[in-house]
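J.: Quick one, run-v2.pdb (PDB, C-alpha atoms and all ligand atoms):
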MODEL        1
ATOM      1  CA  VAL A 963     -17.795   1.544   7.698
ATOM      2  CA  THR A 964     -17.002  -1.964   6.500
ATOM      3  CA  GLY A 965     -15.843  -5.410   7.509
ATOM      4  CA  GLY A 966     -13.543  -5.453   4.508
ATOM      5  CA  LEU A 967     -13.535  -5.701   0.735
ATOM      6  CA  ARG A 968     -13.774  -8.591  -1.685
ATOM      7  CA  THR A 969     -12.414  -8.822  -5.225
ATOM      8  CA  GLU A 970     -12.354 -11.582  -7.819
ATOM      9  CA  ARG A 971      -9.251 -13.225  -6.329
ATOM     10  CA  LEU A 972      -8.707 -11.499  -2.968
ATOM     11  CA  VAL A 973     -10.184 -10.584   0.393
ATOM     12  CA  LEU A 974      -9.125  -7.348   2.125
ATOM     13  CA  ARG A 975      -9.904  -7.728   5.822
ATOM     14  CA  GLY A 976      -8.914  -6.812   9.360
ATOM     15  CA  TRP A 977      -5.693  -8.185  10.837
ATOM     16  CA  ARG A 978      -5.553 -11.471  12.746
ATOM     17  CA  PRO A 979      -2.847 -12.704  15.143
ATOM     18  CA  ASP A 980      -1.958 -15.547  12.767
ATOM     19  CA  ASP A 981      -1.041 -12.994  10.046
ATOM     20  CA  LEU A 982       1.868 -11.708  12.129
ATOM     21  CA  PRO A 983       4.525 -14.383  11.406
ATOM     22  CA  ALA A 984       4.005 -14.149   7.632
ATOM     23  CA  PHE A 985       3.965 -10.328   7.822
ATOM     24  CA  ALA A 986       7.207 -10.341   9.837
ATOM     25  CA  ALA A 987       8.842 -12.677   7.318
ATOM     26  CA  MET A 988       8.027 -10.385   4.381
ATOM     27  CA  ASN A 989       9.076  -7.265   6.322
ATOM     28  CA  ALA A 990      12.444  -8.949   7.012
ATOM     29  CA  ASP A 991      12.992  -9.732   3.301
ATOM     30  CA  PRO A 992      15.647  -7.346   1.868
ATOM     31  CA  GLU A 993      14.074  -7.542  -1.590
ATOM     32  CA  VAL A 994      10.613  -6.532  -0.330
ATOM     33  CA  MET A 995      12.221  -3.712   1.700
ATOM     34  CA  GLU A 996      14.713  -2.603  -0.976
ATOM     35  CA  HIS A 997      13.177   0.876  -1.272
ATOM     36  CA  PHE A 998      12.781   1.466   2.468
ATOM     37  CA  PRO A 999      15.498   2.545   4.901
ATOM     38  CA  SER A1000      15.824  -1.009   6.271
ATOM     39  CA  PRO A1001      13.982  -4.304   6.760
ATOM     40  CA  LEU A1002      11.826  -4.454   9.906
ATOM     41  CA  SER A1003      12.401  -6.505  13.036
ATOM     42  CA  ALA A1004       9.562  -8.816  14.053
ATOM     43  CA  ALA A1005       8.698  -6.397  16.868
ATOM     44  CA  ARG A1006       8.418  -3.405  14.467
ATOM     45  CA  SER A1007       6.415  -5.540  12.030
ATOM     46  CA  ASP A1008       3.944  -6.538  14.762
ATOM     47  CA  GLU A1009       3.664  -2.883  15.822
ATOM     48  CA  LEU A1010       2.876  -1.841  12.266
ATOM     49  CA  ALA A1011       0.145  -4.488  11.921
ATOM     50  CA  GLY A1012      -1.245  -3.370  15.290
ATOM     51  CA  ALA A1013      -1.332   0.257  14.162
ATOM     52  CA  PHE A1014      -3.081  -0.724  10.906
ATOM     53  CA  GLN A1015      -5.678  -2.762  12.822
ATOM     54  CA  ALA A1016      -6.230   0.028  15.383
ATOM     55  CA  HIS A1017      -6.941   2.447  12.536
ATOM     56  CA  ILE A1018      -9.334  -0.003  10.864
ATOM     57  CA  GLU A1019     -11.240  -0.442  14.151
ATOM     58  CA  GLN A1020     -11.437   3.292  14.736
ATOM     59  CA  ALA A1021     -12.200   4.448  11.181
ATOM     60  CA  GLY A1022     -13.764   1.370   9.556
ATOM     61  CA  TRP A1023     -11.113   1.376   6.823
ATOM     62  CA  GLY A1024      -7.346   1.427   6.470
ATOM     63  CA  ALA A1025      -4.437  -0.758   5.407
ATOM     64  CA  TRP A1026      -6.140  -4.136   5.193
ATOM     65  CA  ALA A1027      -4.580  -7.583   5.454
ATOM     66  CA  VAL A1028      -4.870  -9.222   2.002
ATOM     67  CA  GLU A1029      -5.710 -12.859   1.579
ATOM     68  CA  ARG A1030      -5.777 -14.973  -1.585
ATOM     69  CA  ARG A1031      -9.233 -16.506  -1.901
ATOM     70  CA  ASP A1032      -7.950 -19.626  -3.697
ATOM     71  CA  ARG A1033      -5.612 -20.607  -0.846
ATOM     72  CA  GLY A1034      -6.928 -18.644   2.144
ATOM     73  CA  GLU A1035      -3.341 -17.404   2.475
ATOM     74  CA  PHE A1036      -2.213 -14.013   3.846
ATOM     75  CA  ILE A1037      -0.047 -12.267   1.219
ATOM     76  CA  GLY A1038       0.537  -8.720   2.541
ATOM     77  CA  PHE A1039      -1.338  -5.458   2.906
ATOM     78  CA  VAL A1040      -3.107  -3.052   0.582
ATOM     79  CA  GLY A1041      -5.317  -0.148   1.488
ATOM     80  CA  LEU A1042      -5.820   3.442   2.484
ATOM     81  CA  VAL A1043      -3.726   5.419   4.948
ATOM     82  CA  PRO A1044      -3.962   9.091   5.954
ATOM     83  CA  VAL A1045      -0.622  10.709   5.034
ATOM     84  CA  SER A1046       1.298  11.079   8.310
ATOM     85  CA  PHE A1047       3.513  14.054   7.420
ATOM     86  CA  GLU A1048       2.938  17.589   6.184
ATOM     87  CA  ALA A1049       3.553  18.498   2.559
ATOM     88  CA  ASP A1050       1.992  20.757  -0.044
ATOM     89  CA  PHE A1051      -0.364  17.881  -1.013
ATOM     90  CA  THR A1052      -1.593  17.110   2.536
ATOM     91  CA  PRO A1053      -3.955  16.465   4.211
ATOM     92  CA  ALA A1054      -4.493  13.498   1.912
ATOM     93  CA  VAL A1055      -5.284   9.805   1.898
ATOM     94  CA  GLU A1056      -2.725   7.490   0.360
ATOM     95  CA  VAL A1057      -3.300   4.134  -1.331
ATOM     96  CA  GLY A1058      -0.421   1.794  -0.516
ATOM     97  CA  TRP A1059       0.720  -1.836  -0.798
ATOM     98  CA  ARG A1060       3.353  -4.339   0.241
ATOM     99  CA  LEU A1061       3.167  -7.982  -0.787
ATOM    100  CA  ASP A1062       5.244 -11.040  -0.067
ATOM    101  CA  ARG A1063       7.670 -11.562  -2.956
ATOM    102  CA  ARG A1064       6.186 -14.982  -3.765
ATOM    103  CA  HIS A1065       2.962 -13.203  -4.736
ATOM    104  CA  TRP A1066       4.353 -10.527  -7.040
ATOM    105  CA  GLY A1067       3.651 -10.745 -10.760
ATOM    106  CA  HIS A1068      -0.030 -11.766 -10.560
ATOM    107  CA  GLY A1069      -1.685  -8.366 -10.549
ATOM    108  CA  PHE A1070      -2.750  -8.778  -6.907
ATOM    109  CA  ALA A1071      -1.494  -5.359  -5.776
ATOM    110  CA  ALA A1072      -3.337  -3.613  -8.601
ATOM    111  CA  GLU A1073      -6.540  -5.636  -8.043
ATOM    112  CA  ALA A1074      -6.617  -4.824  -4.322
ATOM    113  CA  ALA A1075      -5.652  -1.193  -4.923
ATOM    114  CA  LEU A1076      -8.489  -0.708  -7.442
ATOM    115  CA  ALA A1077     -10.955  -2.056  -4.856
ATOM    116  CA  SER A1078      -9.468   0.362  -2.327
ATOM    117  CA  LEU A1079      -9.958   3.283  -4.744
ATOM    118  CA  ASP A1080     -13.582   2.239  -5.382
ATOM    119  CA  PHE A1081     -14.103   2.274  -1.624
ATOM    120  CA  ALA A1082     -12.341   5.637  -1.221
ATOM    121  CA  PHE A1083     -14.474   7.313  -3.883
ATOM    122  CA  GLY A1084     -17.728   5.341  -3.585
ATOM    123  CA  THR A1085     -18.055   4.805   0.172
ATOM    124  CA  LEU A1086     -15.851   7.483   1.746
ATOM    125  CA  GLY A1087     -16.666  10.095  -0.911
ATOM    126  CA  LEU A1088     -13.067  11.281  -1.178
ATOM    127  CA  GLU A1089     -12.279  13.633  -4.038
ATOM    128  CA  ARG A1090      -8.681  12.538  -4.545
ATOM    129  CA  VAL A1091      -6.313   9.750  -3.508
ATOM    130  CA  VAL A1092      -2.521  10.007  -3.703
ATOM    131  CA  SER A1093       0.310   7.497  -3.718
ATOM    132  CA  PHE A1094       4.051   8.004  -3.488
ATOM    133  CA  THR A1095       7.255   6.041  -3.443
ATOM    134  CA  ALA A1096      11.024   6.463  -3.772
ATOM    135  CA  VAL A1097      11.952   7.363  -7.372
ATOM    136  CA  THR A1098      13.917   4.095  -7.567
ATOM    137  CA  ASN A1099      10.814   1.959  -6.837
ATOM    138  CA  LEU A1100       9.775   1.343 -10.424
ATOM    139  CA  ARG A1101       7.542  -1.655  -9.573
ATOM    140  CA  SER A1102       5.440   0.438  -7.223
ATOM    141  CA  ALA A1103       5.151   3.317  -9.712
ATOM    142  CA  ALA A1104       4.035   0.767 -12.326
ATOM    143  CA  VAL A1105       1.166  -0.254 -10.011
ATOM    144  CA  MET A1106       0.218   3.429  -9.672
ATOM    145  CA  ARG A1107       0.005   3.831 -13.452
ATOM    146  CA  ARG A1108      -1.786   0.478 -13.863
ATOM    147  CA  ILE A1109      -4.606   1.650 -11.573
ATOM    148  CA  GLY A1110      -5.033   4.924 -13.444
ATOM    149  CA  MET A1111      -3.001   7.292 -11.304
ATOM    150  CA  ARG A1112      -0.940  10.026 -12.956
ATOM    151  CA  LEU A1113       2.423  11.469 -12.021
ATOM    152  CA  VAL A1114       1.933  14.834 -10.324
ATOM    153  CA  ALA A1115       5.364  15.797  -9.015
ATOM    154  CA  GLU A1116       8.602  14.759  -7.425
ATOM    155  CA  PHE A1117       9.145  15.747  -3.808
ATOM    156  CA  THR A1118      11.577  15.300  -0.951
ATOM    157  CA  HIS A1119      10.163  13.027   1.752
ATOM    158  CA  PRO A1120      10.450  14.939   5.050
ATOM    159  CA  ASN A1121      10.928  11.770   7.151
ATOM    160  CA  VAL A1122      13.823  10.328   5.138
ATOM    161  CA  PRO A1123      17.344  11.450   6.182
ATOM    162  CA  SER A1124      18.884  14.042   3.864
ATOM    163  CA  ASP A1125      21.831  11.797   2.950
ATOM    164  CA  SER A1126      19.596   8.889   1.879
ATOM    165  CA  PRO A1127      19.160   7.972  -1.811
ATOM    166  CA  LEU A1128      15.544   7.124  -0.911
ATOM    167  CA  ARG A1129      14.677  10.739  -0.157
ATOM    168  CA  ARG A1130      13.469  11.722  -3.645
ATOM    169  CA  HIS A1131       9.902  10.537  -4.162
ATOM    170  CA  VAL A1132       7.364  10.518  -6.979
ATOM    171  CA  LEU A1133       3.828  11.667  -6.173
ATOM    172  CA  TYR A1134       0.930  10.138  -8.106
ATOM    173  CA  ALA A1135      -2.756  11.028  -7.758
ATOM    174  CA  VAL A1136      -6.194  10.079  -9.047
ATOM    175  CA  GLU A1137      -9.409  12.061  -8.786
ATOM    176  CA  ALA A1138     -12.880  10.650  -8.101
ATOM    177  CA  PRO A1139     -14.683   9.595 -11.303
ATOM    178  CA  GLY A1140     -16.484  12.588 -12.747
ATOM    179  CA  ARG A1141     -14.006  15.056 -11.275
ATOM    180  CA  THR A1142     -11.227  14.584 -13.797
TER
HETATM  181  C1  LIG B1201       5.012  -2.904  -5.343
HETATM  182  C2  LIG B1201       4.489  -4.333  -5.421
HETATM  183  C3  LIG B1201       3.248  -4.501  -4.557
HETATM  184  C4  LIG B1201       4.159  -4.621  -6.883
HETATM  185  O1  LIG B1201       3.735  -5.974  -7.050
HETATM  186  P1  LIG B1201       3.405  -6.493  -8.518
HETATM  187  O2  LIG B1201       2.958  -7.909  -8.390
HETATM  188  O3  LIG B1201       4.549  -6.181  -9.422
HETATM  189  O4  LIG B1201       2.219  -5.549  -8.953
HETATM  190  P2  LIG B1201       0.832  -5.851  -9.645
HETATM  191  O5  LIG B1201      -0.107  -6.445  -8.686
HETATM  192  O6  LIG B1201       0.401  -4.596 -10.299
HETATM  193  O7  LIG B1201       1.178  -6.962 -10.708
HETATM  194  C5  LIG B1201       1.714  -6.600 -11.951
HETATM  195  C6  LIG B1201       2.473  -7.768 -12.530
HETATM  196  O8  LIG B1201       1.626  -8.915 -12.550
HETATM  197  C7  LIG B1201       1.493  -9.398 -13.911
HETATM  198  N1  LIG B1201       0.168 -10.037 -14.009
HETATM  199  C8  LIG B1201      -0.029 -11.377 -14.078
HETATM  200  N2  LIG B1201      -1.326 -11.647 -14.069
HETATM  201  C9  LIG B1201      -1.986 -10.476 -13.997
HETATM  202  C10 LIG B1201      -3.361 -10.120 -13.949
HETATM  203  N3  LIG B1201      -4.326 -11.050 -13.959
HETATM  204  N4  LIG B1201      -3.671  -8.802 -13.849
HETATM  205  C11 LIG B1201      -2.718  -7.861 -13.824
HETATM  206  N5  LIG B1201      -1.389  -8.143 -13.866
HETATM  207  C12 LIG B1201      -1.040  -9.450 -13.949
HETATM  208  C13 LIG B1201       1.735  -8.177 -14.730
HETATM  209  O9  LIG B1201       2.117  -8.518 -16.040
HETATM  210  C14 LIG B1201       2.880  -7.534 -13.965
HETATM  211  O10 LIG B1201       4.041  -8.287 -14.185
HETATM  212  P3  LIG B1201       5.504  -7.646 -14.438
HETATM  213  O11 LIG B1201       6.016  -7.246 -13.088
HETATM  214  O12 LIG B1201       6.283  -8.758 -15.020
HETATM  215  O13 LIG B1201       5.297  -6.473 -15.346
HETATM  216  C15 LIG B1201       5.552  -5.331  -4.931
HETATM  217  O14 LIG B1201       6.668  -5.230  -5.770
HETATM  218  C16 LIG B1201       5.985  -5.072  -3.498
HETATM  219  O15 LIG B1201       5.327  -5.475  -2.551
HETATM  220  N6  LIG B1201       7.141  -4.392  -3.328
HETATM  221  C17 LIG B1201       7.723  -4.162  -2.027
HETATM  222  C18 LIG B1201       6.978  -3.168  -1.175
HETATM  223  C19 LIG B1201       6.871  -1.831  -1.803
HETATM  224  O16 LIG B1201       7.832  -1.340  -2.366
HETATM  225  N7  LIG B1201       5.696  -1.235  -1.672
HETATM  226  C20 LIG B1201       5.429   0.070  -2.177
HETATM  227  C21 LIG B1201       6.017   1.104  -1.324
HETATM  228  S1  LIG B1201       5.452   2.716  -1.755
ENDMDL
END
Take the structure I supplied and represent it as structure tokens, if you would.
Ligand SMILES: CC(C)(COP(=O)(O)OP(=O)(O)OC[C@H]1O[C@@H](n2cnc3c(N)ncnc32)[C@H](O)[C@@H]1OP(=O)(O)O)[C@@H](O)C(=O)NCCC(=O)NCCS

T.:
Amino acid sequence: VTGGLRTERLVLRGWRPDDLPAFAAMNADPEVMEHFPSPLSAARSDELAGAFQAHIEQAGWGAWAVERRDRGEFIGFVGLVPVSFEADFTPAVEVGWRLDRRHWGHGFAAEAALASLDFAFGTLGLERVVSFTAVTNLRSAAVMRRIGMRLVAEFTHPNVPSDSPLRRHVLYAVEAPGRT
């Protein structure tokens, strides 16, 4: 469908081999991964980037690599992902993000996520996009609200172990313009 997206300050594009070291470094950072079960090894990080790129090649959209236009620097991923588990709100497409800590606090996640929503509604014609995160991940929920999503429910993530404090999640959603 597309070669990528462009915003005022960012490019959302397919993954390149030279993104992998920076992606592995951020996925190994305990602060970036605070609300996930654990940081990722370099091998798991590379696998994740490979899966994102495979989806982009097959579908024409997905979780894009994000680059700052001012520095040409890879800063993380933002984009659209089909929800991989079953719940009362699936099938659904999720908007998601993960940025290197050095690039938090600039509005980059929100800027890239808004472009992703425009693409989801304008190009893909989706009626609704969801997002979810562990209830403890206040920064991520703040991005959801900043891009106009509303809290729909709390739910128990089926793929998180029952003894984990990360199991309780918040579900946010936004409808295509004109459908709200
Ligand atoms: C979630 C995450 C992407 C949020 O990053 P973020 O930079 O806080 O989010 P935004 O892009 O919305 O930026 C908002 C911040 O930028 C500031 N900002 C500065 N310039 C801005 C601008 N031009 N426009 C908007 N916000 C701006 C805002 O004031 C806000 O700062 P605050 O945190 O002090 O309130 C980041 O914390 C992250 O990668 N976390 C780890 C991975 C993760 O948990 N992902 C989600 C899993 S579901």

J.: Just so the selection is clear, what residues does the PyMOL selection byres (((not hetatm)) within 6 of (chain B and resi 1201)) cover here, as a PyMOL selection string?

T.: chain A and resi 994-995+997+1059-1061+1066-1072+1094-1095+1101-1102+1105

J.: For the selection just defined, write its residues with C-alpha atoms to a file, as a CSV table (one decimal), in the coordinates of the input.

T.:
chain,number,residue,atom,x,y,z
A,994,VAL,CA,10.6,-6.5,-0.3
A,995,MET,CA,12.2,-3.7,1.7
A,997,HIS,CA,13.2,0.9,-1.3
A,1059,TRP,CA,0.7,-1.8,-0.8
A,1060,ARG,CA,3.4,-4.3,0.2
A,1061,LEU,CA,3.2,-8.0,-0.8
A,1066,TRP,CA,4.4,-10.5,-7.0
A,1067,GLY,CA,3.7,-10.7,-10.8
A,1068,HIS,CA,0.0,-11.8,-10.6
A,1069,GLY,CA,-1.7,-8.4,-10.5
A,1070,PHE,CA,-2.8,-8.8,-6.9
A,1071,ALA,CA,-1.5,-5.4,-5.8
A,1072,ALA,CA,-3.3,-3.6,-8.6
A,1094,PHE,CA,4.1,8.0,-3.5
A,1095,THR,CA,7.3,6.0,-3.4
A,1101,ARG,CA,7.5,-1.7,-9.6
A,1102,SER,CA,5.4,0.4,-7.2
A,1105,VAL,CA,1.2,-0.3,-10.0

J.: Can you list what the PyMOL selection byres (((chain A and resi 1097) around 10) and not hetatm) grabs from this structure, as a VMD selection string?

T.: chain A and resid 997 1094 to 1096 1098 to 1100 1102 to 1103 1116 to 1117 1127 to 1133

J.: Evaluate the PyMOL selection byres (((chain A and resi 1114) around 6) and not hetatm) on the structure here and hand back the selected residues as a PyMOL selection string.

T.: chain A and resi 1113+1115+1133-1134

J.: Quote the spacing between atom CA of A:Val1136 and atom CA of A:Val973 in Å to one decimal place.

T.: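 Separation between atom CA of A:Val1136 and atom CA of A:Val973: 23.1 Å.
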
J.: Which distance in Å separates atom CA of A:Glu1056 and atom CA of A:Glu1089, to one decimal?

T.: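 Answer for the atom CA of A:Glu1056 to atom CA of A:Glu1089 separation: 12.2 Å.
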
J.: Find the residue from A:Ile1037, A:Asp1062, A:Val1091, A:His1017 that sits nearest to A:Glu993; use all atoms listed in the file when measuring.

T.: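 Going through A:Ile1037, A:Asp1062, A:Val1091, A:His1017 one by one, the smallest distance to A:Glu993 is for A:Asp1062.
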